[in-house]
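Shown next, in structure tokens, is the structure this report addresses.
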Amino acid sequence: MSRIGVAFDKARADGRALLVGCMPAGFPTVEGSIAAMTAMVEAGVDVIEVEIPYSDPVMDGPVIQRASDIALAGGVRTRDTFRIVEAVAATGAPVVTMTYWNPVERYGVDAFARDFAAAGGTGLITPDLIPEEAGEWLAASDAHGLDRTFLVAPSSTDERLAMTVGHCRGFVYATAIMGVTGARSQTSQAAPVLVSRVREVTDLPVGVGLGVGTGAQAATVAGYADAVIVGSALVRCVLDAPDEAAGRAALRTLSAELAEGVRQPDR
Amino acid sequence: MSEEQFPDAAGHFGTFGGRFVPEALVAALDELGAAHRAAMADEAFRDEFAALLRDYAGTPSLLYEAHRFSARAGARVLLKREDLNHTGAHKVRNVLGQALLTRRMGKKRVIAETGAGQHGVAAATAAALFDLDCVVYMGQVDTERQALNVARMRMLGATVVPVTTGSRTLKDAMNEAMRDWVANVDETHYLIGTAAGPHPFPALVRDFVRGIGDEARAQCLELTGGLPDAVTACVGGGSNALGIFHAFVGDPQVQLYGFEAGGDGVATGRHAASITGGSTGVLHGTRTYVLQDADGQTQESHSISAGLDYPGVGPEHAWLHDTGRASYQPVTDDEAMAAFELLCRTEGIIPAIESAHALAGTLAVAPKLAADLGRQPTILVNLSGRGDKDVHTAGEFFGILDKE
């Protein structure tokens, strides 16, 4: 079982959900992103999701787009991601990476899997890769012992849901809403329905992302999901801060609030 | 070889094409694919589309033998006059087809991306005709460069949304349209402007514009008694080129040439020639040739022609290139503008700068064709659009605008 599987088992035993916190690699700098992610772990984030910045992030809303642009303008490279993954994995927290497909394909799918695994990453979340197009990744993830998380959506048919989940390993990512990333004032009505549909076809843990930004929302999602995935709200802490130290302080505060939330699931 | 085999059921042209999209869009793409197949098999749909093209768009467009331009080219040049269509380009064919599909699917809203504004104007036109809500995403840089087209879209009742992310041009407008679509897919059709994007768009758009080649093939046979020796077109996303190529793919004696926007020259890095100056990758939902850096980040394209200024290309072109069936070559801004001027002066036709790339490429390949054939070649050129929209750009290029 992968490191993340162990973490899910422990959280389940504790009667809580895991908190997954997302941050773009190299935002605002490579070192700054390592410090930010480390601060998140110290403040209670269970799993770090390192997003590889991409020039055309069609699943991301304005906050993550802006952070990705800053990271890319700063010159972050794909290979920097592995250094970040290694540094964050050294904290003991499982590290997953979310990446659009082209950077992986350009690096070489097998080479990417090899270097990511060597850095201590547990698996990839692939927002624009569906299993039908994933032949090379299925082989590379098997060869290098990596988890693979494909997305399911409220619009997925039952057949597609079963097929997609069948190709997942580690956990399943349920997109709570039809839309892009970004904190929202209300969590989704569709998400609990989607999670229960996923549970009908798998025992894998289910993470829910898109729209969570407060401890109360985290508690709501923790009521029906195994992991609460938070991105934009955390990224905004750094984006809106006057300097990096203030950004990390804001990150710690929000991370702690969210960590509290996943420990008090609304059931 | 039957070209009807491509793409396969999953939208692959060889190793190109397919679907690289968020799962949330797959159901809509499946719905669209099913609607497309059913529509193409439905005689009533085909009849309605044909009637619209005839009565509203003004097709079949003329095939015009450009005698004076021919003399300069050293070839018998036949111009497929898509510039005479309603809205001024081949794009009206695609938007009418997709608007009919939108209605067939029971959707009430269309979204579109646009670079120069030509597809946006065409989409707004079709939306007005079919009483659909229409939102057009356009890079902020382009809304400033093409203020007249922004006004046209608004006159037609469309909402124009300036896109302020990334490079603020066409590729970012496409990103924003995809984001809108993910959020509103139940009631919205993404009326994509070229034969690119995820399956089924490349095949669907090709099917709606293939009339260009079907008409031209029949017109050429009638006019000359034979097929042309070569067919030429400009290639940005590539819908006008596929539209005219498709009818000739099965005629091996007809050479197919696609001319990409070479900008300042492919060697300078400032160009939009995805096939001749790019590499294989995934962009906007499809695997194709892409302008990208060593890490797979999309690079900005450069061209004097806003309609060719795109860092990718439709996957069927990538496949036609790799199989060798079509030949792709870059044409620089300067070469395109020289051909633009030549057509103005010899034929009294102001072409779109996009189409001027096809004219320039035609001038470039004509001598070799003549040498290979040992006679004057006949070259069919897709004059895909008219140049009214480009008067300002061309006026500045040639320095013929009066100073204030």
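Labels for the structure tokens follow display order: chains A, B, ..., residues from 1 in each chain, ligands from 1.
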Could you please tell me, as a PyMOL selection string, which residues of chain B have an atom within 10 Å of chain A when using only C-alpha atoms? chain B and resi 10+18-28+165-167+171-172+174-186+279-285+287+292-299
Need the shell around Arg148 (chain A): protein/DNA/RNA residues with any atom at most 9 Å away, counting only C-alpha atoms. Skip same-chain ones fewer than 5 positions apart. Format as a PyMOL selection string? chain A and resi 122-126+137-138+141+167-172
Selected residues written out with C-alpha atoms, as a PDB file, in the first residue's frame:
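Contents of result.pdb, as written:
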```
ATOM      1  CA  THR A 122       3.048   8.935  -4.521  1.00  0.00           C
ATOM      2  CA  GLY A 123       0.965   9.586  -7.619  1.00  0.00           C
ATOM      3  CA  LEU A 124      -0.452  11.962 -10.180  1.00  0.00           C
ATOM      4  CA  ILE A 125      -3.791  13.709 -10.486  1.00  0.00           C
ATOM      5  CA  THR A 126      -4.369  14.274 -14.202  1.00  0.00           C
ATOM      6  CA  TRP A 137       0.682   6.520 -18.180  1.00  0.00           C
ATOM      7  CA  LEU A 138      -1.036   3.293 -17.110  1.00  0.00           C
ATOM      8  CA  SER A 141       2.596   4.187 -13.258  1.00  0.00           C
ATOM      9  CA  HIS A 167      -8.277   2.800 -13.635  1.00  0.00           C
ATOM     10  CA  CYS A 168      -7.648   4.781 -10.435  1.00  0.00           C
ATOM     11  CA  ARG A 169      -5.244   3.740  -7.719  1.00  0.00           C
ATOM     12  CA  GLY A 170      -4.685   5.537  -4.404  1.00  0.00           C
ATOM     13  CA  PHE A 171      -7.817   7.647  -4.470  1.00  0.00           C
ATOM     14  CA  VAL A 172     -10.506   9.011  -6.749  1.00  0.00           C
TER      15      VAL A 172
END
```
Pull the strand (DSSP E or B) assignments for region 209-244 of chain A out of DSSP run on the backbone, and list those residues as a PyMOL selection string. chain A and resi 209+227-230
Using N, CA and C atoms, can you write the selected residues to a file as a PDB file, in the first residue's frame?
```
ATOM      1  N   GLY A 209     -12.913  17.911  -4.473  1.00  0.00           N
ATOM      2  CA  GLY A 209     -12.284  19.203  -4.663  1.00  0.00           C
ATOM      3  C   GLY A 209     -13.164  20.128  -5.458  1.00  0.00           C
ATOM      4  N   ALA A 227     -11.385  12.642   1.595  1.00  0.00           N
ATOM      5  CA  ALA A 227     -10.385  13.709   1.575  1.00  0.00           C
ATOM      6  C   ALA A 227     -11.044  14.987   1.110  1.00  0.00           C
ATOM      7  N   VAL A 228     -10.633  16.087   1.714  1.00  0.00           N
ATOM      8  CA  VAL A 228     -11.101  17.407   1.324  1.00  0.00           C
ATOM      9  C   VAL A 228      -9.922  18.093   0.638  1.00  0.00           C
ATOM     10  N   ILE A 229     -10.115  18.454  -0.613  1.00  0.00           N
ATOM     11  CA  ILE A 229      -9.013  19.000  -1.403  1.00  0.00           C
ATOM     12  C   ILE A 229      -9.207  20.507  -1.527  1.00  0.00           C
ATOM     13  N   VAL A 230      -8.223  21.258  -1.066  1.00  0.00           N
ATOM     14  CA  VAL A 230      -8.322  22.719  -1.069  1.00  0.00           C
ATOM     15  C   VAL A 230      -7.165  23.299  -1.867  1.00  0.00           C
TER      16      VAL A 230
END
```
For Asp388 (chain B), list every protein, DNA or RNA residue within 8 Å, evaluated using only C-alpha atoms, and leave out those in the same chain fewer than 6 positions away; present the list as a PyMOL selection string. chain B and resi 350-352
Pull C-alpha atoms from the residues just selected and write them as an mmCIF file, in the first residue's frame.
```cif
data_model
loop_
_atom_site.group_PDB
_atom_site.id
_atom_site.type_symbol
_atom_site.label_atom_id
_atom_site.label_comp_id
_atom_site.auth_asym_id
_atom_site.auth_seq_id
_atom_site.Cartn_x
_atom_site.Cartn_y
_atom_site.Cartn_z
ATOM 1 C CA ILE B 350 -8.394 42.488 -51.697
ATOM 2 C CA PRO B 351 -7.777 39.152 -49.981
ATOM 3 C CA ALA B 352 -7.704 38.421 -46.278
#
```
As JSON, numbers by chain, please: every residue in region 216-297 of chain B that DSSP puts in alpha helix (DSSP H). {"B": [216, 217, 218, 219, 220, 221, 222, 223, 224, 239, 240, 241, 242, 243, 244, 245, 274, 275, 276, 277]}
Leu32 (chain B): which residues within 8 Å, counting only C-alpha atoms, same-chain residues fewer than 3 positions away excluded, as an MDAnalysis selection string? chainID B and resid 28:29 35:36 105 200
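Using only C-alpha atoms, the nearest neighbour of Thr188 (chain B) within the list B:Pro202, B:Gly312, B:Pro367, B:Gly106 is B:Gly106.
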Gly238 (chain B) environment, 7 Å, only C-alpha atoms, sequence neighbours closer than 6 positions dropped, as a compact mmCIF listing (two decimals) with C-alpha atoms, in the first residue's frame:
```txt
# COMPACT_ATOMS: atom_id res chain seq x y z
CA THR B 194 -11.60 25.65 -36.46
CA ALA B 195 -10.95 21.98 -37.10
CA VAL B 313 -3.05 23.17 -35.66
CA GLY B 314 -5.91 20.77 -36.30
```
Please identify all polymer residues within 10 Å of Gly215 (chain A), counting only C-alpha atoms, omitting same-chain residues fewer than 5 positions from it, and present them as a VMD selection string. chain A and resid 220 to 221 254 to 264
Hey, what's within 10 Å of Arg248 (chain A) if we count only C-alpha atoms and toss same-chain stuff fewer than 6 positions away? As a compact mmCIF listing (two decimals) with N, CA and C atoms, in the first residue's frame, please?
```
# COMPACT_ATOMS: atom_id res chain seq x y z
N GLY A 32 10.35 29.44 -2.15
CA GLY A 32 9.15 29.96 -1.50
C GLY A 32 8.04 28.92 -1.49
N SER A 33 7.93 28.15 -2.56
CA SER A 33 6.86 27.14 -2.60
C SER A 33 7.17 26.00 -1.64
N ALA A 35 8.81 26.34 1.17
CA ALA A 35 8.52 26.89 2.50
C ALA A 35 7.02 26.94 2.75
N ALA A 36 6.26 27.32 1.73
CA ALA A 36 4.80 27.40 1.88
C ALA A 36 4.21 26.03 2.15
N MET A 37 4.65 25.04 1.39
CA MET A 37 4.10 23.69 1.55
C MET A 37 4.50 23.11 2.90
N THR A 38 5.73 23.39 3.32
CA THR A 38 6.17 22.92 4.63
C THR A 38 5.33 23.55 5.74
N ALA A 39 5.04 24.84 5.59
CA ALA A 39 4.19 25.51 6.57
C ALA A 39 2.81 24.88 6.62
N MET A 40 2.30 24.52 5.45
CA MET A 40 0.98 23.88 5.40
C MET A 40 0.98 22.55 6.17
N LEU A 234 -6.06 28.43 -0.40
CA LEU A 234 -4.71 28.44 0.15
C LEU A 234 -3.77 29.29 -0.70
N CYS A 237 -3.94 32.94 -0.05
CA CYS A 237 -3.21 33.43 1.14
C CYS A 237 -1.86 34.01 0.74
N VAL A 238 -1.19 33.30 -0.18
CA VAL A 238 0.14 33.74 -0.60
C VAL A 238 0.03 34.88 -1.60
N ALA A 241 -0.88 38.26 0.08
CA ALA A 241 -0.05 38.74 1.19
C ALA A 241 0.96 39.78 0.70
N LEU A 254 -5.12 29.48 7.86
CA LEU A 254 -6.18 28.80 7.11
C LEU A 254 -6.01 27.28 7.17
```
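Here CA of Glu43 (chain B) stands at a distance of 19.2 Å from CA of Pro60 (chain B).
In this model, the gap between CA of Arg93 (chain B) and CA of Leu53 (chain B) comes to 6.8 Å.
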Could you check how far CA of Gly213 (chain A) sits from CA of Val235 (chain A), in Å to one decimal? 10.4 Å
